[in-house]
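To be precise, the following lines are final-v4.txt, and they hold compact mmCIF, C-alpha atoms.
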# COMPACT_ATOMS: atom_id res chain seq x y z
CA MET C 1 -23.64 16.11 8.30
CA VAL C 2 -23.15 12.66 9.66
CA ARG C 3 -20.00 10.79 8.86
CA VAL C 4 -18.54 7.52 9.94
CA SER C 5 -15.77 8.36 12.36
CA ASP C 6 -14.37 7.31 15.68
CA GLY C 7 -17.15 5.76 17.65
CA MET C 8 -18.79 4.03 14.74
CA GLY C 9 -18.00 0.78 13.02
CA VAL C 10 -19.48 -0.46 9.80
CA ARG C 11 -20.37 -3.97 8.85
CA ALA C 12 -21.29 -4.26 5.21
CA SER C 13 -22.50 -7.02 2.95
CA VAL C 14 -23.60 -7.48 -0.63
CA GLU C 15 -25.59 -10.35 -2.06
CA HIS C 16 -25.79 -11.00 -5.78
CA ARG C 17 -28.55 -13.20 -7.26
CA ASN C 18 -29.23 -14.00 -10.91
CA LYS C 19 -32.58 -13.42 -12.58
CA ARG C 20 -33.74 -16.85 -11.50
CA GLY C 21 -33.16 -15.86 -7.89
CA GLU C 22 -30.19 -18.16 -7.45
CA LEU C 23 -27.39 -16.93 -5.20
CA VAL C 24 -24.34 -16.00 -7.29
CA SER C 25 -22.09 -14.50 -4.62
CA ILE C 26 -22.13 -12.95 -1.19
CA GLN C 27 -19.43 -10.76 0.35
CA ARG C 28 -19.19 -9.47 3.88
CA ASN C 29 -16.81 -7.12 5.60
CA PHE C 30 -16.33 -5.93 9.12
CA ASP C 31 -14.82 -2.57 8.31
CA ARG C 32 -13.17 -0.33 10.83
CA PHE C 33 -11.45 1.65 8.10
CA PRO C 34 -12.73 5.12 8.94
CA ALA C 35 -11.84 4.90 12.59
CA TYR C 36 -8.59 3.16 11.81
CA HIS C 37 -7.62 5.80 9.23
CA ALA C 38 -8.32 8.62 11.67
CA TRP C 39 -6.35 6.96 14.43
CA ARG C 40 -3.46 5.96 12.17
CA ALA C 41 -3.20 9.42 10.59
CA LYS C 42 -3.10 10.98 14.03
CA TRP C 43 -0.46 8.53 15.18
CA CYS C 44 1.71 9.24 12.14
CA GLU C 45 1.33 12.97 12.65
CA GLN C 46 2.49 12.62 16.23
CA HIS C 47 5.43 10.51 15.13
CA ARG C 48 6.22 12.64 12.10
CA THR C 49 5.74 9.72 9.80
CA ALA C 50 4.13 9.93 6.39
CA TYR C 51 0.79 8.20 6.21
CA SER C 52 -0.69 6.71 3.10
CA PRO C 53 -4.17 5.22 3.32
CA ARG C 54 -3.44 3.73 -0.07
CA GLY C 55 -0.51 1.82 1.35
CA PHE C 56 -2.77 0.42 3.99
CA ARG C 57 -5.32 -0.65 1.48
CA GLU C 58 -2.70 -2.27 -0.69
CA GLY C 59 -2.22 -4.88 1.92
CA LYS C 60 0.48 -3.91 4.38
CA ILE C 61 -2.12 -4.80 6.94
CA ASN C 62 -5.07 -6.83 5.84
CA PRO C 63 -8.15 -5.09 7.23
CA LEU C 64 -10.12 -8.27 7.04
CA THR C 65 -7.84 -10.12 9.39
CA ILE C 66 -7.05 -7.50 12.02
CA SER C 67 -9.68 -7.38 14.70
CA PHE C 68 -10.99 -4.34 16.47
CA ALA C 69 -9.79 -5.77 19.74
CA ALA C 70 -6.32 -6.00 18.24
CA LEU C 71 -6.45 -2.36 17.19
CA LEU C 72 -7.41 -1.36 20.69
CA LYS C 73 -4.54 -3.40 22.06
CA ILE C 74 -2.10 -1.76 19.64
CA GLN C 75 -3.31 1.66 20.65
CA GLU C 76 -3.04 0.76 24.31
CA VAL C 77 0.55 -0.33 23.82
CA LEU C 78 1.42 2.79 21.84
CA ASN C 79 -0.16 4.99 24.48
CA GLY C 80 2.00 3.27 27.04
CA ILE C 81 5.13 3.91 24.98
CA ARG C 82 4.25 7.59 24.61
CA ARG C 83 3.77 7.94 28.33
CA MET K 21 -6.92 6.08 32.19
CA ALA K 22 -8.03 2.77 30.84
CA LEU K 23 -9.72 2.75 27.46
CA GLY K 24 -12.97 1.52 28.97
CA ASP K 25 -13.19 4.65 31.08
CA LYS K 26 -13.97 6.66 27.97
CA SER K 27 -17.05 4.66 27.10
CA PRO K 28 -20.43 6.37 27.44
CA THR K 29 -23.46 4.38 28.53
CA SER K 30 -25.07 1.89 26.23
CA ALA K 31 -28.20 4.06 26.29
CA LEU K 32 -26.24 6.73 24.45
CA TYR K 33 -25.27 4.22 21.78
CA ALA K 34 -28.93 3.35 21.24
CA TRP K 35 -29.99 6.98 21.23
CA THR K 36 -27.34 7.89 18.66
CA ALA K 37 -28.27 5.01 16.38
CA THR K 38 -31.92 6.07 16.49
CA LEU K 39 -30.94 9.65 15.81
CA LEU K 40 -28.98 8.56 12.74
CA THR K 41 -31.95 6.82 11.18
CA SER K 42 -34.16 9.85 11.70
CA TYR K 43 -31.63 12.21 10.15
CA SER K 44 -32.91 11.82 6.60
CA THR K 45 -33.81 9.29 3.96
CA TRP K 46 -30.79 7.19 3.12
CA TYR K 47 -29.82 5.99 -0.33
CA PHE K 48 -27.43 3.39 -1.65
CA ALA K 49 -25.25 4.43 -4.58
CA LEU K 50 -23.31 1.88 -6.61
CA GLU K 51 -19.67 2.44 -7.58
CA GLU K 52 -18.58 1.29 -11.05
CA SER K 53 -14.97 2.44 -10.84
CA SER K 54 -12.26 -0.02 -9.91
CA ASN K 55 -10.37 2.96 -8.48
CA MET K 56 -12.60 2.66 -5.45
CA SER K 57 -10.10 0.22 -3.95
CA THR K 58 -7.39 2.88 -3.78
CA GLY K 59 -9.22 6.17 -4.19
CA TYR K 60 -11.40 6.03 -1.09
CA GLY K 61 -10.31 7.19 2.35
CA VAL K 62 -11.49 8.76 5.54
CA THR K 63 -12.40 12.03 3.79
CA THR K 64 -14.30 10.38 0.94
CA ASN K 65 -17.52 12.19 0.24
CA ALA K 66 -18.09 11.40 -3.42
CA LEU K 67 -18.22 8.40 -5.68
CA VAL K 68 -15.71 8.10 -8.51
CA ASP K 69 -18.12 6.74 -11.11
CA GLU K 70 -21.64 6.28 -9.85
CA ALA K 71 -23.85 3.76 -11.62
CA THR K 72 -26.51 5.33 -13.83
CA GLY K 73 -27.80 2.26 -15.64
CA ALA K 74 -31.45 1.31 -15.53
CA GLY K 75 -32.43 -0.02 -12.13
CA LEU K 76 -29.07 0.83 -10.62
CA THR K 77 -29.32 4.54 -9.84
CA ARG K 78 -29.34 6.11 -6.41
CA ALA K 79 -33.06 6.73 -6.80
CA ASP K 80 -33.49 2.97 -7.10
CA GLY K 81 -31.56 2.45 -3.89
CA VAL K 82 -33.77 4.04 -1.25
CA ALA K 83 -32.72 2.33 1.96
CA THR K 84 -34.92 0.58 4.44
CA LEU K 85 -33.72 1.64 7.89
CA SER K 86 -33.96 -0.26 11.12
CA ILE K 87 -32.38 -0.44 14.54
CA VAL K 88 -30.71 -3.72 15.44
CA THR K 89 -28.46 -5.01 18.17
CA THR K 90 -24.79 -5.80 17.55
CA SER K 91 -22.88 -5.41 20.82
CA THR K 92 -25.29 -3.59 23.11
CA THR K 93 -29.06 -3.29 22.81
CA ASN K 94 -30.20 -1.24 19.79
CA ASP K 95 -26.70 0.11 19.11
CA THR K 96 -26.79 -0.27 15.32
CA ALA K 97 -28.45 1.64 12.49
CA ARG K 98 -29.02 -0.79 9.62
CA ALA K 99 -29.59 0.34 6.05
CA THR K 100 -30.49 -2.11 3.32
CA ALA K 101 -31.69 -1.90 -0.28
CA THR K 102 -32.13 -4.23 -3.22
CA PHE K 103 -31.38 -3.18 -6.79
CA THR K 104 -32.78 -5.04 -9.80
CA ALA K 105 -30.55 -4.50 -12.80
CA ALA K 106 -32.15 -3.68 -16.14
CA SER K 107 -28.78 -3.27 -17.78
CA THR K 108 -25.35 -4.84 -17.73
CA THR K 109 -22.47 -3.46 -15.70
CA THR K 110 -19.81 -4.32 -13.13
CA VAL K 111 -20.16 -2.98 -9.60
CA HIS K 112 -17.08 -2.48 -7.41
CA GLY K 113 -18.75 -1.24 -4.25
CA HIS K 114 -21.52 0.75 -2.71
CA ALA K 115 -21.93 3.83 -0.56
CA VAL K 116 -24.67 5.02 1.76
CA CYS K 117 -25.64 8.65 1.15
CA SER K 118 -28.13 10.97 2.77
CA THR K 119 -29.21 12.79 -0.36
CA ALA K 120 -30.91 11.68 -3.56
CA SER K 121 -28.93 14.19 -5.58
CA THR K 122 -25.92 12.78 -7.39
CA ALA K 123 -24.51 16.30 -7.61
CA THR K 124 -24.47 16.82 -3.85
CA TYR K 125 -22.65 14.04 -2.11
CA ASP K 126 -23.08 13.13 1.50
CA VAL K 127 -21.49 9.75 2.03
CA HIS K 128 -22.08 8.11 5.40
CA SER K 129 -20.19 4.96 4.77
CA TRP K 130 -18.93 2.87 1.92
CA TYR K 131 -17.93 -0.66 1.10
CA CYS K 132 -15.30 -1.66 -1.43
CA TYR K 133 -16.04 -5.20 -2.60
CA ALA K 134 -13.23 -7.71 -2.34
CA ALA K 135 -14.26 -8.91 -5.80
CA PRO K 136 -16.19 -6.93 -8.43
CA VAL K 137 -19.78 -8.02 -9.07
CA PRO K 138 -20.76 -8.43 -12.74
CA LEU K 139 -24.47 -7.77 -13.19
CA GLU K 140 -26.71 -8.82 -16.05
CA SER K 141 -30.23 -7.66 -16.70
CA GLY K 142 -32.60 -9.26 -14.22
CA ASP K 143 -29.95 -9.80 -11.53
CA THR K 144 -30.54 -8.43 -8.05
CA LEU K 145 -28.02 -6.86 -5.70
CA THR K 146 -28.90 -6.57 -2.03
CA CYS K 147 -26.72 -4.11 -0.12
CA THR K 148 -26.58 -3.82 3.66
CA ASN K 149 -24.57 -1.50 5.88
CA ASP K 150 -24.71 -1.76 9.66
CA HIS K 151 -23.52 1.38 11.48
CA GLU K 152 -22.64 0.33 15.00
CA ILE K 153 -22.24 3.06 17.60
CA MET K 154 -19.47 2.05 19.93
CA LEU K 155 -16.38 3.03 21.82
CA GLY K 156 -14.03 4.77 19.40
CA VAL K 157 -10.40 3.94 18.90
Hey, can you dump this file as structure tokens for me?
Amino acid sequence: MVRVSDGMGVRASVEHRNKRGELVSIQRNFDRFPAYHAWRAKWCEQHRTAYSPRGFREGKINPLTISFAALLKIQEVLNGIRR
Amino acid sequence: MALGDKSPTSALYAWTATLLTSYSTWYFALEESSNMSTGYGVTTNALVDEATGAGLTRADGVATLSIVTTSTTNDTARATATFTAASTTTVHGHAVCSTASTATYDVHSWYCYAAPVPLESGDTLTCTNDHEIMLGV
């Protein structure tokens, strides 16, 4: 079985057109959720902190505004703290 | 060890992306439940309320697969499909699955729309998911 996990990022989009072919809406997302969830859950486990993916999705961190580079930087900093 | 030291070669990214697209036929399934926004997580392997209306079933969403370049050459497996609604509904997201059976889920990836999409008969919905193989976090 293949799943999205660490090592894979997903960019998704959806385009809605009416029956006349006119563009109604288009949405795009650069989604690192699966990798982020896995990393965040592991971090919380190590720090004995409860983790709620729901809390994340409810907007404590906006996934659309945090970049992958930023996540890497955060992890780098945390790794440094642990060491 | 620096993070970059963990990165395999770009050839491995391309090989993995190609392997993904040869794994099986891929299908798009449409999610009609608004609970998608809170009910989905890293272990998600099933849709909450999969669309069954005319033109909107998983069988209507057979994906066209291709290899494209995002960060390094041929590192991305792209899946895309276009649904033509023959009924009225509201779609909250879509998922890419590797089986046509709605009873046996096998979700590769999913996308929760920032805003629900109300469809009327005759409307089209084009879904695209790019799976980029890359250095993990």
Each residue of chain K with at least one atom at most 9 Å from chain C should appear once, together with its nearest atom pair and the corresponding distance in Å (one decimal); atoms considered: all atoms listed in the file; ordering: chain, then increasing residue number; output as JSON lines.
{"residue": "K:Ala22", "atom": "CA", "partner": "C:Glu76", "partner_atom": "CA", "distance": 8.5}
{"residue": "K:Leu23", "atom": "CA", "partner": "C:Glu76", "partner_atom": "CA", "distance": 7.6}
{"residue": "K:Leu40", "atom": "CA", "partner": "C:Val2", "partner_atom": "CA", "distance": 7.8}
{"residue": "K:Tyr43", "atom": "CA", "partner": "C:Val2", "partner_atom": "CA", "distance": 8.5}
{"residue": "K:Ser57", "atom": "CA", "partner": "C:Arg57", "partner_atom": "CA", "distance": 7.3}
{"residue": "K:Thr58", "atom": "CA", "partner": "C:Arg54", "partner_atom": "CA", "distance": 5.5}
{"residue": "K:Gly59", "atom": "CA", "partner": "C:Arg54", "partner_atom": "CA", "distance": 7.5}
{"residue": "K:Tyr60", "atom": "CA", "partner": "C:Arg54", "partner_atom": "CA", "distance": 8.3}
{"residue": "K:Gly61", "atom": "CA", "partner": "C:Pro53", "partner_atom": "CA", "distance": 6.5}
{"residue": "K:Val62", "atom": "CA", "partner": "C:Pro34", "partner_atom": "CA", "distance": 5.1}
{"residue": "K:Thr63", "atom": "CA", "partner": "C:Pro34", "partner_atom": "CA", "distance": 8.6}
{"residue": "K:Thr104", "atom": "CA", "partner": "C:Lys19", "partner_atom": "CA", "distance": 8.8}
{"residue": "K:Gly113", "atom": "CA", "partner": "C:Val14", "partner_atom": "CA", "distance": 8.7}
{"residue": "K:His114", "atom": "CA", "partner": "C:Val14", "partner_atom": "CA", "distance": 8.7}
{"residue": "K:Ser118", "atom": "CA", "partner": "C:Val2", "partner_atom": "CA", "distance": 8.7}
{"residue": "K:Asp126", "atom": "CA", "partner": "C:Met1", "partner_atom": "CA", "distance": 7.4}
{"residue": "K:Val127", "atom": "CA", "partner": "C:Arg3", "partner_atom": "CA", "distance": 7.1}
{"residue": "K:His128", "atom": "CA", "partner": "C:Arg3", "partner_atom": "CA", "distance": 4.8}
{"residue": "K:Ser129", "atom": "CA", "partner": "C:Val4", "partner_atom": "CA", "distance": 6.0}
{"residue": "K:Trp130", "atom": "CA", "partner": "C:Ala12", "partner_atom": "CA", "distance": 8.2}
{"residue": "K:Tyr131", "atom": "CA", "partner": "C:Ala12", "partner_atom": "CA", "distance": 6.4}
{"residue": "K:Tyr133", "atom": "CA", "partner": "C:Gln27", "partner_atom": "CA", "distance": 7.1}
{"residue": "K:Ala134", "atom": "CA", "partner": "C:Gln27", "partner_atom": "CA", "distance": 7.4}
{"residue": "K:Ala135", "atom": "CA", "partner": "C:Gln27", "partner_atom": "CA", "distance": 8.2}
{"residue": "K:Val137", "atom": "CA", "partner": "C:His16", "partner_atom": "CA", "distance": 7.5}
{"residue": "K:Pro138", "atom": "CA", "partner": "C:His16", "partner_atom": "CA", "distance": 9.0}
{"residue": "K:Leu139", "atom": "CA", "partner": "C:Asn18", "partner_atom": "CA", "distance": 8.2}
{"residue": "K:Glu140", "atom": "CA", "partner": "C:Asn18", "partner_atom": "CA", "distance": 7.7}
{"residue": "K:Ser141", "atom": "CA", "partner": "C:Lys19", "partner_atom": "CA", "distance": 7.5}
{"residue": "K:Gly142", "atom": "CA", "partner": "C:Lys19", "partner_atom": "CA", "distance": 4.5}
{"residue": "K:Asp143", "atom": "CA", "partner": "C:Asn18", "partner_atom": "CA", "distance": 4.3}
{"residue": "K:Thr144", "atom": "CA", "partner": "C:Arg17", "partner_atom": "CA", "distance": 5.2}
{"residue": "K:Leu145", "atom": "CA", "partner": "C:His16", "partner_atom": "CA", "distance": 4.7}
{"residue": "K:Thr146", "atom": "CA", "partner": "C:Glu15", "partner_atom": "CA", "distance": 5.0}
{"residue": "K:Cys147", "atom": "CA", "partner": "C:Val14", "partner_atom": "CA", "distance": 4.6}
{"residue": "K:Thr148", "atom": "CA", "partner": "C:Ser13", "partner_atom": "CA", "distance": 5.2}
{"residue": "K:Asn149", "atom": "CA", "partner": "C:Ala12", "partner_atom": "CA", "distance": 4.3}
{"residue": "K:Asp150", "atom": "CA", "partner": "C:Arg11", "partner_atom": "CA", "distance": 4.9}
{"residue": "K:His151", "atom": "CA", "partner": "C:Val10", "partner_atom": "CA", "distance": 4.7}
{"residue": "K:Glu152", "atom": "CA", "partner": "C:Gly9", "partner_atom": "CA", "distance": 5.1}
{"residue": "K:Ile153", "atom": "CA", "partner": "C:Met8", "partner_atom": "CA", "distance": 4.6}
{"residue": "K:Met154", "atom": "CA", "partner": "C:Gly7", "partner_atom": "CA", "distance": 4.9}
{"residue": "K:Leu155", "atom": "CA", "partner": "C:Gly7", "partner_atom": "CA", "distance": 5.0}
{"residue": "K:Gly156", "atom": "CA", "partner": "C:Gly7", "partner_atom": "CA", "distance": 3.7}
{"residue": "K:Val157", "atom": "CA", "partner": "C:Asp6", "partner_atom": "CA", "distance": 6.1}
K:Leu76, K:Val82, K:Ala37, K:Met56 ranked by distance to K:Ala106, top pick (using only C-alpha atoms):
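Ranking K:Leu76, K:Val82, K:Ala37, K:Met56 by distance to K:Ala106, first place goes to K:Leu76.
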Tell me, in Å to one decimal, how far atom CA of K:Ala79 is from atom CA of K:Ala120.
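It comes out at 6.3 Å.
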Pairwise distance for atom CA of K:Glu52 and atom CA of K:Ile87, rounded to one decimal in Å:
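Taking atom CA of K:Glu52 as the start and atom CA of K:Ile87 as the end point, the length is 29.1 Å.
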Between atom CA of K:Ala99 and atom CA of K:Ser30, what is the distance, to one decimal in Å?
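Atom-to-atom, atom CA of K:Ala99 to atom CA of K:Ser30, that is 20.7 Å.
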Find the residues around K:Asp80 up to 12 Å (all atoms listed in the file counted), leave out those fewer than 5 positions away in its own chain, and share them as a compact mmCIF listing (two decimals) with C-alpha atoms, in the coordinates of the input.
# COMPACT_ATOMS: atom_id res chain seq x y z
CA TRP K 46 -30.79 7.19 3.12
CA TYR K 47 -29.82 5.99 -0.33
CA PHE K 48 -27.43 3.39 -1.65
CA ALA K 49 -25.25 4.43 -4.58
CA LEU K 50 -23.31 1.88 -6.61
CA ALA K 71 -23.85 3.76 -11.62
CA THR K 72 -26.51 5.33 -13.83
CA GLY K 73 -27.80 2.26 -15.64
CA ALA K 74 -31.45 1.31 -15.53
CA GLY K 75 -32.43 -0.02 -12.13
CA THR K 100 -30.49 -2.11 3.32
CA ALA K 101 -31.69 -1.90 -0.28
CA THR K 102 -32.13 -4.23 -3.22
CA PHE K 103 -31.38 -3.18 -6.79
CA THR K 104 -32.78 -5.04 -9.80
CA ALA K 105 -30.55 -4.50 -12.80
CA ALA K 106 -32.15 -3.68 -16.14
CA ALA K 120 -30.91 11.68 -3.56
CA THR K 144 -30.54 -8.43 -8.05
CA LEU K 145 -28.02 -6.86 -5.70
CA THR K 146 -28.90 -6.57 -2.03
Please determine the residues with any atom at most 7 Å from (-13.5, 4.5, -8.6) (coordinates as given in the file, with all atoms listed in the file counting) and report them as a PyMOL selection string.
chain K and resi 51-56+59+67-69
Suppose we keep C-alpha atoms; can you now write the selection as an mmCIF file, in the frame of the given file?
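Now in again24.cif:
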data_model
loop_
_atom_site.group_PDB
_atom_site.id
_atom_site.type_symbol
_atom_site.label_atom_id
_atom_site.label_comp_id
_atom_site.auth_asym_id
_atom_site.auth_seq_id
_atom_site.Cartn_x
_atom_site.Cartn_y
_atom_site.Cartn_z
ATOM 1 C CA GLU K 51 -19.670 2.440 -7.580
ATOM 2 C CA GLU K 52 -18.580 1.290 -11.050
ATOM 3 C CA SER K 53 -14.970 2.440 -10.840
ATOM 4 C CA SER K 54 -12.260 -0.020 -9.910
ATOM 5 C CA ASN K 55 -10.370 2.960 -8.480
ATOM 6 C CA MET K 56 -12.600 2.660 -5.450
ATOM 7 C CA GLY K 59 -9.220 6.170 -4.190
ATOM 8 C CA LEU K 67 -18.220 8.400 -5.680
ATOM 9 C CA VAL K 68 -15.710 8.100 -8.510
ATOM 10 C CA ASP K 69 -18.120 6.740 -11.110
#
